[in-house]
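Next comes my_file_34.cif, with mmCIF, C-alpha atoms.
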data_coords
#
loop_
_atom_site.label_atom_id
_atom_site.label_comp_id
_atom_site.auth_asym_id
_atom_site.auth_seq_id
_atom_site.Cartn_x
_atom_site.Cartn_y
_atom_site.Cartn_z
CA MET A 1455 70.30 -66.59 -1.36
CA ALA A 1456 70.88 -64.13 1.48
CA ASP A 1457 73.90 -62.03 2.36
CA SER A 1458 75.78 -64.09 4.94
CA GLY A 1459 78.12 -61.25 5.90
CA LYS A 1460 81.30 -62.89 4.65
CA ILE A 1461 84.32 -60.62 4.54
CA TYR A 1462 87.04 -60.33 1.97
CA HIS A 1463 90.22 -62.34 2.32
CA ARG A 1464 93.50 -60.63 3.06
CA SER A 1465 95.90 -63.35 1.97
CA CYS A 1466 96.19 -65.59 -1.06
CA THR A 1467 95.45 -69.30 -0.97
CA GLY A 1468 96.24 -72.23 -3.24
CA PRO A 1469 98.71 -71.76 -6.11
CA ALA A 1470 98.77 -67.98 -5.59
CA LEU A 1471 99.98 -68.43 -2.01
CA GLN A 1472 102.89 -70.54 -3.23
CA THR A 1473 103.79 -67.82 -5.73
CA VAL A 1474 103.73 -65.17 -2.99
CA LYS A 1475 106.11 -67.28 -0.90
CA GLN A 1476 108.47 -67.59 -3.87
CA HIS A 1477 108.65 -63.79 -4.13
CA ALA A 1478 109.31 -62.81 -0.53
CA GLN A 1479 112.84 -61.49 -1.05
CA ASP A 1480 113.71 -57.88 -1.84
CA GLU A 1481 113.95 -57.04 -5.54
CA GLY A 1482 114.18 -53.98 -7.73
CA ILE A 1483 110.37 -53.98 -8.01
CA THR A 1484 107.87 -54.44 -5.19
CA LEU A 1485 104.30 -55.31 -6.18
CA PHE A 1486 101.65 -53.96 -3.81
CA ALA A 1487 98.84 -56.45 -4.23
CA SER A 1488 95.51 -57.66 -2.88
CA CYS A 1489 94.64 -61.32 -3.20
CA PHE A 1490 91.15 -60.92 -4.70
CA CYS A 1491 91.70 -57.89 -6.95
CA PRO A 1492 91.44 -58.56 -10.70
CA PHE A 1493 93.39 -55.40 -11.56
CA VAL A 1494 96.26 -56.82 -9.49
CA GLN A 1495 96.00 -60.21 -11.13
CA ARG A 1496 96.52 -58.83 -14.64
CA VAL A 1497 99.77 -57.15 -13.52
CA TRP A 1498 100.84 -60.18 -11.52
CA THR A 1499 100.29 -62.47 -14.50
CA ALA A 1500 102.38 -60.16 -16.68
CA LEU A 1501 105.22 -60.15 -14.14
CA GLU A 1502 105.22 -63.94 -14.15
CA TYR A 1503 105.04 -64.28 -17.92
CA LEU A 1504 107.65 -61.62 -18.65
CA GLU A 1505 109.93 -63.16 -16.01
CA ILE A 1506 110.62 -59.86 -14.29
CA PRO A 1507 112.01 -60.23 -10.75
CA TYR A 1508 109.75 -58.74 -8.09
CA LYS A 1509 108.81 -58.91 -4.43
CA SER A 1510 105.17 -59.50 -3.54
CA ASN A 1511 103.69 -57.33 -0.79
CA GLU A 1512 100.09 -58.23 0.08
CA VAL A 1513 98.18 -55.27 1.50
CA ASP A 1514 94.63 -54.57 2.60
CA PRO A 1515 93.21 -51.99 0.15
CA TYR A 1516 90.36 -51.17 2.53
CA GLN A 1517 92.70 -50.35 5.40
CA LYS A 1518 94.92 -47.95 3.50
CA SER A 1519 98.30 -47.92 5.19
CA GLN A 1520 100.64 -44.98 4.72
CA GLU A 1521 103.00 -47.37 2.94
CA LEU A 1522 100.31 -48.02 0.32
CA LEU A 1523 99.34 -44.36 0.03
CA ASN A 1524 102.97 -43.48 -0.61
CA VAL A 1525 102.94 -45.53 -3.82
CA SER A 1526 99.27 -45.11 -4.77
CA PRO A 1527 97.67 -41.79 -3.79
CA LYS A 1528 94.12 -43.19 -3.99
CA GLY A 1529 95.12 -46.25 -2.00
CA LEU A 1530 94.28 -48.50 -4.92
CA VAL A 1531 96.11 -51.63 -6.01
CA PRO A 1532 98.07 -52.66 -7.96
CA ALA A 1533 101.02 -50.37 -7.37
CA LEU A 1534 104.74 -50.75 -7.88
CA MET A 1535 107.61 -49.44 -5.83
CA LEU A 1536 110.72 -49.07 -7.99
CA ASN A 1537 113.55 -49.63 -5.57
CA ALA A 1538 116.40 -49.00 -7.98
CA PHE A 1539 115.79 -45.26 -7.66
CA ASP A 1540 117.02 -43.21 -4.72
CA PRO A 1541 114.62 -42.38 -3.25
CA PRO A 1542 112.34 -45.15 -4.61
CA ARG A 1543 109.74 -44.14 -7.17
CA ALA A 1544 106.24 -45.49 -7.65
CA LEU A 1545 103.67 -46.36 -10.31
CA ASN A 1546 99.99 -47.20 -10.06
CA GLU A 1547 97.09 -47.97 -12.48
CA SER A 1548 97.19 -51.48 -13.93
CA THR A 1549 97.38 -50.61 -17.63
CA VAL A 1550 100.12 -48.05 -17.03
CA ILE A 1551 102.05 -50.67 -15.07
CA LEU A 1552 101.56 -53.20 -17.86
CA ASP A 1553 103.07 -50.80 -20.39
CA PHE A 1554 105.99 -50.19 -18.04
CA LEU A 1555 106.60 -53.92 -17.57
CA GLU A 1556 106.46 -54.51 -21.31
CA ASP A 1557 109.18 -51.89 -21.79
CA ILE A 1558 111.27 -53.38 -18.99
CA ALA A 1559 110.99 -56.83 -20.56
CA ALA A 1560 112.06 -55.48 -23.94
CA GLN A 1561 115.36 -54.37 -22.38
CA SER A 1562 116.10 -57.74 -20.78
CA THR A 1563 118.07 -60.56 -22.35
CA ARG A 1564 114.92 -62.73 -22.46
CA HIS A 1565 113.15 -60.37 -24.89
CA ARG A 1566 109.73 -61.61 -23.88
CA SER A 1567 106.66 -59.68 -24.97
CA LEU A 1568 102.87 -59.85 -24.72
CA PHE A 1569 102.52 -58.14 -28.11
CA PRO A 1570 102.97 -59.37 -31.68
CA PRO A 1571 106.41 -58.67 -33.20
CA SER A 1572 107.27 -54.99 -33.65
CA THR A 1573 107.62 -55.70 -37.35
CA ASP A 1574 103.80 -56.00 -37.51
CA PRO A 1575 102.40 -52.71 -36.17
CA TYR A 1576 98.95 -53.47 -37.56
CA ALA A 1577 98.71 -56.65 -35.48
CA LYS A 1578 99.72 -54.67 -32.41
CA ALA A 1579 97.03 -52.10 -33.19
CA LEU A 1580 94.42 -54.88 -33.37
CA VAL A 1581 95.51 -56.03 -29.92
CA ARG A 1582 95.08 -52.47 -28.66
CA LEU A 1583 91.52 -52.48 -30.03
CA GLN A 1584 90.83 -55.68 -28.10
CA SER A 1585 92.24 -54.13 -24.93
CA ASP A 1586 90.25 -50.93 -25.42
CA HIS A 1587 87.01 -52.92 -25.68
CA ILE A 1588 87.85 -54.83 -22.50
CA SER A 1589 88.51 -51.65 -20.51
CA ARG A 1590 85.65 -49.56 -21.88
CA THR A 1591 82.91 -52.17 -22.15
CA LEU A 1592 83.58 -55.60 -20.68
CA VAL A 1593 84.99 -54.67 -17.26
CA PRO A 1594 82.27 -52.08 -16.41
CA ALA A 1595 79.62 -54.57 -17.58
CA PHE A 1596 81.08 -57.14 -15.19
CA TYR A 1597 80.49 -54.91 -12.16
CA ARG A 1598 77.06 -53.66 -13.28
CA TYR A 1599 75.87 -57.25 -13.56
CA LEU A 1600 77.41 -58.40 -10.29
CA GLN A 1601 76.07 -55.44 -8.30
CA ALA A 1602 72.55 -55.47 -9.81
CA GLN A 1603 69.92 -56.37 -7.19
CA ASP A 1604 66.68 -56.10 -9.15
CA PRO A 1605 65.91 -59.34 -11.10
CA GLU A 1606 65.26 -57.43 -14.32
CA ALA A 1607 68.51 -55.53 -13.92
CA GLN A 1608 70.33 -58.82 -13.35
CA ILE A 1609 68.86 -60.28 -16.53
CA SER A 1610 69.81 -57.16 -18.44
CA GLY A 1611 73.29 -57.20 -16.93
CA GLY A 1612 73.84 -60.82 -17.91
CA LYS A 1613 72.85 -60.04 -21.49
CA GLU A 1614 75.14 -57.02 -21.53
CA PHE A 1615 78.11 -59.09 -20.40
CA HIS A 1616 77.34 -61.83 -22.93
CA ALA A 1617 77.28 -59.15 -25.62
CA ALA A 1618 80.63 -57.78 -24.41
CA ILE A 1619 82.16 -61.25 -24.67
CA ARG A 1620 80.72 -61.73 -28.16
CA SER A 1621 82.23 -58.44 -29.27
CA LEU A 1622 85.60 -59.48 -27.88
CA VAL A 1623 85.37 -62.78 -29.74
CA GLU A 1624 84.61 -60.85 -32.92
CA LEU A 1625 87.77 -58.81 -32.40
CA PHE A 1626 89.76 -62.02 -31.87
CA GLU A 1627 88.27 -63.46 -35.05
CA ARG A 1628 89.08 -60.30 -36.98
CA ALA A 1629 92.71 -60.60 -35.91
CA GLU A 1630 92.68 -64.24 -36.95
CA ARG A 1631 91.43 -63.35 -40.42
CA GLU A 1632 93.72 -60.40 -40.96
CA VAL A 1633 97.00 -61.27 -39.22
CA GLY A 1634 96.71 -64.96 -38.39
CA GLY A 1635 95.45 -64.39 -34.86
CA THR A 1636 96.81 -63.02 -31.60
CA GLY A 1637 97.52 -64.46 -28.17
CA LEU A 1638 95.95 -67.67 -26.93
CA TRP A 1639 92.97 -67.40 -29.28
CA VAL A 1640 95.22 -69.21 -31.75
CA GLU A 1641 95.81 -72.89 -31.07
CA GLY A 1642 99.50 -73.20 -30.36
CA GLY A 1643 99.77 -69.48 -29.58
CA ASP A 1644 101.16 -67.94 -26.42
CA LEU A 1645 99.81 -65.59 -23.78
CA GLY A 1646 99.06 -62.16 -25.23
CA TRP A 1647 98.28 -58.65 -24.03
CA ALA A 1648 94.48 -58.94 -24.38
CA ASP A 1649 94.53 -62.35 -22.67
CA VAL A 1650 96.25 -60.82 -19.64
CA VAL A 1651 94.01 -57.75 -19.58
CA VAL A 1652 90.74 -59.73 -19.61
CA ALA A 1653 91.60 -63.01 -17.88
CA PRO A 1654 90.84 -62.04 -14.25
CA TRP A 1655 87.26 -60.99 -15.05
CA ILE A 1656 86.54 -63.96 -17.30
CA PHE A 1657 87.88 -66.22 -14.57
CA ARG A 1658 85.64 -64.65 -11.92
CA ALA A 1659 82.66 -64.96 -14.21
CA THR A 1660 83.13 -68.75 -14.10
CA ASN A 1661 83.07 -68.98 -10.31
CA VAL A 1662 81.71 -65.83 -8.63
CA TRP A 1663 78.94 -65.24 -11.15
CA LYS A 1664 78.05 -68.90 -11.41
CA HIS A 1665 77.60 -68.99 -7.63
CA TYR A 1666 75.76 -65.69 -7.10
CA ARG A 1667 73.94 -65.27 -10.43
CA GLY A 1668 73.72 -68.75 -11.94
CA PHE A 1669 75.68 -67.39 -14.89
CA GLU A 1670 76.77 -69.66 -17.72
CA MET A 1671 79.58 -68.68 -20.07
CA PRO A 1672 78.87 -68.51 -23.81
CA GLN A 1673 79.34 -71.75 -25.68
CA GLY A 1674 81.38 -72.44 -28.76
CA THR A 1675 84.26 -74.75 -29.57
CA LYS A 1676 86.85 -72.05 -30.20
CA PHE A 1677 85.76 -69.93 -27.25
CA GLU A 1678 85.86 -72.87 -24.86
CA ALA A 1679 89.28 -73.90 -26.20
CA TRP A 1680 90.55 -70.36 -25.59
CA LEU A 1681 89.21 -70.45 -22.02
CA GLY A 1682 91.01 -73.72 -21.41
CA ARG A 1683 94.32 -72.43 -22.73
CA LEU A 1684 93.92 -69.20 -20.76
CA PHE A 1685 93.08 -70.74 -17.40
CA GLU A 1686 95.75 -73.42 -17.73
CA HIS A 1687 98.55 -71.10 -18.77
CA PRO A 1688 101.20 -71.32 -16.04
CA ALA A 1689 101.64 -67.54 -15.70
CA PHE A 1690 97.93 -67.09 -15.00
CA LYS A 1691 97.31 -70.30 -13.07
CA LYS A 1692 100.00 -69.55 -10.48
CA THR A 1693 98.25 -66.25 -9.60
CA CYS A 1694 94.91 -67.94 -8.83
CA SER A 1695 93.69 -68.67 -5.32
CA ASP A 1696 91.19 -71.34 -4.30
CA GLU A 1697 87.56 -70.71 -5.30
CA GLU A 1698 86.42 -70.05 -1.72
CA LEU A 1699 88.52 -66.90 -1.57
CA TYR A 1700 86.67 -65.36 -4.53
CA LEU A 1701 83.21 -66.42 -3.37
CA ASP A 1702 83.79 -64.95 0.08
CA SER A 1703 85.48 -61.77 -1.13
CA TYR A 1704 82.87 -60.95 -3.77
CA GLU A 1705 79.79 -61.48 -1.62
CA ARG A 1706 79.98 -57.78 -0.73
CA TYR A 1707 79.65 -56.95 -4.44
CA ALA A 1708 76.93 -59.52 -5.11
CA PHE A 1709 74.71 -57.90 -2.46
CA ASN A 1710 75.94 -54.39 -3.29
CA ARG A 1711 76.81 -53.50 0.29
CA PRO A 1712 77.35 -49.76 0.86
CA ASN A 1713 80.91 -48.56 0.23
CA THR A 1714 82.07 -51.94 -0.99
CA SER A 1715 84.89 -50.32 -2.97
CA GLN A 1716 85.74 -47.29 -5.05
CA VAL A 1717 84.93 -49.36 -8.14
CA ALA A 1718 81.53 -50.36 -6.75
CA ASN A 1719 80.73 -46.78 -5.78
CA ALA A 1720 81.62 -45.60 -9.29
CA ILE A 1721 79.32 -48.18 -10.87
CA ASN A 1722 76.47 -47.26 -8.50
CA SER A 1723 76.82 -43.56 -9.34
CA GLY A 1724 77.21 -44.08 -13.07
CA ARG A 1725 80.76 -42.71 -13.11
CA GLY A 1726 83.76 -44.16 -14.88
CA LEU A 1727 85.95 -46.62 -13.01
CA PRO A 1728 88.61 -45.03 -10.75
#

Would you mind writing the file's structure down as structure tokens?
Amino acid sequence: MADSGKIYHRSCTGPALQTVKQHAQDEGITLFASCFCPFVQRVWTALEYLEIPYKSNEVDPYQKSQELLNVSPKGLVPALMLNAFDPPRALNESTVILDFLEDIAAQSTRHRSLFPPSTDPYAKALVRLQSDHISRTLVPAFYRYLQAQDPEAQISGGKEFHAAIRSLVELFERAEREVGGTGLWVEGGDLGWADVVVAPWIFRATNVWKHYRGFEMPQGTKFEAWLGRLFEHPAFKKTCSDEELYLDSYERYAFNRPNTSQVANAINSGRGLP
């Protein structure tokens, strides 16, 4: 397979496009988003699940407008503009935003949460361990595998990502043994913090990686059932575009084009993710 020179998409398609259209009116929160960005999708999914009103503002993260730089100094997405303040205030970094949204939801009349009940702090701590593994290990492994060009490096990268998934499954299983399970890993459970944090990369592994690397997800009845519940959850599903958008937008990563993104540059240089 050769690099065909496809460029990234600038607007959502499919279910995600319909969701954007439903959030075109001004609200107390404006989400600065990019249609193909997994860091955006985790925040977007949380907004949908927690039922927090917001306006969607699709931006091009490679053509950093002053409007974007005003809310995100590095020009990275996601970012939030908090319009209730005068002048408006801003937040960036996906995990920081997720914490903020969780606190906002706790103050609403709906009382929705991505965490176990506050009466079980140990269960919440287990979820934090799951999230820490995703951020420290699984997400960087995703990009190392996708950007690897040497066949041996690709094989090694695929094994590394498989191992990262296995470790995540072990953390899910630990929570199941010790607290009855967390999130969608439990049949009959609901969307949880770790589900939201990892879903965009697991989703892209099933389409982008399958196309560019011939990757197959790990097998196992419980794992496959979790994938099904995750991908079909309404809050996640409505933030997904058609497959073509991801295949086109990630070709630049798959062939490791120069200056693909700040994330790609960090992986190439061995630095932590920005």

- Task: Could you state which residues are captured by the PyMOL selection byres ((chain A and resi 1611) around 9) in this file, as a list in words?
- Result: Ala1595, Phe1596, Tyr1597, Arg1598, Tyr1599, Leu1600, Ala1602, Glu1606, Ala1607, Gln1608, Ile1609, Ser1610, Gly1612, Lys1613, Glu1614, Phe1615 and His1616 of chain A

For A:Cys1489, please output as a PDB file with C-alpha atoms, in the frame of the given file all residues within 12 Å (counting all atoms listed in the file; exclusion window: fewer than 2 positions along the same chain).
ATOM      1  CA  TYR A1462      87.040 -60.330   1.970  1.00  0.00           C
ATOM      2  CA  HIS A1463      90.220 -62.340   2.320  1.00  0.00           C
ATOM      3  CA  ARG A1464      93.500 -60.630   3.060  1.00  0.00           C
ATOM      4  CA  SER A1465      95.900 -63.350   1.970  1.00  0.00           C
ATOM      5  CA  CYS A1466      96.190 -65.590  -1.060  1.00  0.00           C
ATOM      6  CA  THR A1467      95.450 -69.300  -0.970  1.00  0.00           C
ATOM      7  CA  GLY A1468      96.240 -72.230  -3.240  1.00  0.00           C
ATOM      8  CA  PRO A1469      98.710 -71.760  -6.110  1.00  0.00           C
ATOM      9  CA  ALA A1470      98.770 -67.980  -5.590  1.00  0.00           C
ATOM     10  CA  LEU A1471      99.980 -68.430  -2.010  1.00  0.00           C
ATOM     11  CA  THR A1473     103.790 -67.820  -5.730  1.00  0.00           C
ATOM     12  CA  VAL A1474     103.730 -65.170  -2.990  1.00  0.00           C
ATOM     13  CA  LEU A1485     104.300 -55.310  -6.180  1.00  0.00           C
ATOM     14  CA  PHE A1486     101.650 -53.960  -3.810  1.00  0.00           C
ATOM     15  CA  ALA A1487      98.840 -56.450  -4.230  1.00  0.00           C
ATOM     16  CA  CYS A1491      91.700 -57.890  -6.950  1.00  0.00           C
ATOM     17  CA  PRO A1492      91.440 -58.560 -10.700  1.00  0.00           C
ATOM     18  CA  PHE A1493      93.390 -55.400 -11.560  1.00  0.00           C
ATOM     19  CA  VAL A1494      96.260 -56.820  -9.490  1.00  0.00           C
ATOM     20  CA  GLN A1495      96.000 -60.210 -11.130  1.00  0.00           C
ATOM     21  CA  ARG A1496      96.520 -58.830 -14.640  1.00  0.00           C
ATOM     22  CA  TRP A1498     100.840 -60.180 -11.520  1.00  0.00           C
ATOM     23  CA  SER A1510     105.170 -59.500  -3.540  1.00  0.00           C
ATOM     24  CA  ASN A1511     103.690 -57.330  -0.790  1.00  0.00           C
ATOM     25  CA  GLU A1512     100.090 -58.230   0.080  1.00  0.00           C
ATOM     26  CA  VAL A1513      98.180 -55.270   1.500  1.00  0.00           C
ATOM     27  CA  ASP A1514      94.630 -54.570   2.600  1.00  0.00           C
ATOM     28  CA  PRO A1515      93.210 -51.990   0.150  1.00  0.00           C
ATOM     29  CA  VAL A1531      96.110 -51.630  -6.010  1.00  0.00           C
ATOM     30  CA  PRO A1532      98.070 -52.660  -7.960  1.00  0.00           C
ATOM     31  CA  PRO A1654      90.840 -62.040 -14.250  1.00  0.00           C
ATOM     32  CA  THR A1693      98.250 -66.250  -9.600  1.00  0.00           C
ATOM     33  CA  CYS A1694      94.910 -67.940  -8.830  1.00  0.00           C
ATOM     34  CA  SER A1695      93.690 -68.670  -5.320  1.00  0.00           C
ATOM     35  CA  ASP A1696      91.190 -71.340  -4.300  1.00  0.00           C
ATOM     36  CA  GLU A1697      87.560 -70.710  -5.300  1.00  0.00           C
ATOM     37  CA  LEU A1699      88.520 -66.900  -1.570  1.00  0.00           C
ATOM     38  CA  TYR A1700      86.670 -65.360  -4.530  1.00  0.00           C
ATOM     39  CA  ASP A1702      83.790 -64.950   0.080  1.00  0.00           C
ATOM     40  CA  SER A1703      85.480 -61.770  -1.130  1.00  0.00           C
ATOM     41  CA  TYR A1704      82.870 -60.950  -3.770  1.00  0.00           C
TER      42      TYR A1704
END

- Pull out every residue that the PyMOL selection byres ((chain A and resi 1626-1640) around 9) matches in the shown coordinates and put them as JSON, numbers by chain. {"A": [1568, 1569, 1570, 1574, 1576, 1577, 1578, 1580, 1581, 1584, 1621, 1622, 1623, 1624, 1625, 1641, 1642, 1643, 1644, 1645, 1646, 1647, 1648, 1649, 1676, 1677, 1679, 1680, 1681, 1683, 1684]}

- Do a neighbour search on stretch 1552-1565 of chain A at 7 Å with all atoms listed in the file, toss out local chain neighbours closer than 3 positions, and write the hits as a VMD selection string. chain A and resid 1497 1504 1506 1548 to 1549

- Item | Gap from atom CA of A:Phe1539 to atom CA of A:Gln1517 - Å, one decimal | 27.0 Å

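Candidate residues A:Leu1501, A:Asp1457, A:Lys1509, A:Val1550 were compared for distance to A:Gln1476, and the nearest is A:Lys1509, using only C-alpha atoms.
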
For A:Leu1523, work out the shell of residues within 12 Å, counting all atoms listed in the file and skipping chain neighbours fewer than 2 positions away, then give it as a PDB file with C-alpha atoms, in the coordinates of the input.
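Result file is part-v8.pdb:
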ATOM      1  CA  PHE A1486     101.650 -53.960  -3.810  1.00  0.00           C
ATOM      2  CA  VAL A1513      98.180 -55.270   1.500  1.00  0.00           C
ATOM      3  CA  ASP A1514      94.630 -54.570   2.600  1.00  0.00           C
ATOM      4  CA  PRO A1515      93.210 -51.990   0.150  1.00  0.00           C
ATOM      5  CA  TYR A1516      90.360 -51.170   2.530  1.00  0.00           C
ATOM      6  CA  GLN A1517      92.700 -50.350   5.400  1.00  0.00           C
ATOM      7  CA  LYS A1518      94.920 -47.950   3.500  1.00  0.00           C
ATOM      8  CA  SER A1519      98.300 -47.920   5.190  1.00  0.00           C
ATOM      9  CA  GLN A1520     100.640 -44.980   4.720  1.00  0.00           C
ATOM     10  CA  GLU A1521     103.000 -47.370   2.940  1.00  0.00           C
ATOM     11  CA  VAL A1525     102.940 -45.530  -3.820  1.00  0.00           C
ATOM     12  CA  SER A1526      99.270 -45.110  -4.770  1.00  0.00           C
ATOM     13  CA  PRO A1527      97.670 -41.790  -3.790  1.00  0.00           C
ATOM     14  CA  LYS A1528      94.120 -43.190  -3.990  1.00  0.00           C
ATOM     15  CA  GLY A1529      95.120 -46.250  -2.000  1.00  0.00           C
ATOM     16  CA  LEU A1530      94.280 -48.500  -4.920  1.00  0.00           C
ATOM     17  CA  VAL A1531      96.110 -51.630  -6.010  1.00  0.00           C
ATOM     18  CA  PRO A1532      98.070 -52.660  -7.960  1.00  0.00           C
ATOM     19  CA  ALA A1533     101.020 -50.370  -7.370  1.00  0.00           C
ATOM     20  CA  LEU A1534     104.740 -50.750  -7.880  1.00  0.00           C
ATOM     21  CA  MET A1535     107.610 -49.440  -5.830  1.00  0.00           C
ATOM     22  CA  ALA A1544     106.240 -45.490  -7.650  1.00  0.00           C
ATOM     23  CA  LEU A1545     103.670 -46.360 -10.310  1.00  0.00           C
ATOM     24  CA  ASN A1546      99.990 -47.200 -10.060  1.00  0.00           C
TER      25      ASN A1546
END

- Query: Between A:Gln1603, A:Asn1713, A:Asn1719, A:Thr1484, which has the minimum distance to A:Arg1667 (counting only C-alpha atoms)?
  - Reply: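 Selected residue with least distance to A:Arg1667: A:Gln1603.
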
- Query: In Å, with one decimal, what is the gap from atom CA of A:Pro1728 to atom CA of A:Tyr1707?
  - Reply: 16.2 Å

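Comparing the minimum interatomic distances between A:Lys1460 and each of A:Arg1725, A:His1587, A:Lys1692, A:Arg1706, counting all atoms listed in the file, we find that A:Arg1706 sits nearest.
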
- Task: May I have the residues within 10 Å of A:Arg1590 as a PyMOL selection string, using all atoms listed in the file and disregarding those fewer than 3 positions away in the same chain?
- Result: chain A and resi 1585-1587+1593-1595+1618+1726-1727

- Which one of A:Pro1688, A:Ile1551, A:Phe1490, A:Gln1601 sits closest to A:Phe1709 if you count only C-alpha atoms?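 So, comparing all the options, the nearest one is A:Gln1601.
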
- Quick one: distance from atom CA of A:Leu1592 to atom CA of A:Thr1675 in Å, one decimal? 21.1 Å

- Item | From A:Glu1686, A:Gly1674, A:Glu1698, A:Pro1605, residue lying nearest A:Asn1661 [all atoms listed in the file] | A:Glu1698

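Distances from A:Glu1670, A:Tyr1508, A:Val1651, A:Ala1478 to A:Ser1589 were compared using only C-alpha atoms, and the smallest one belongs to A:Val1651.
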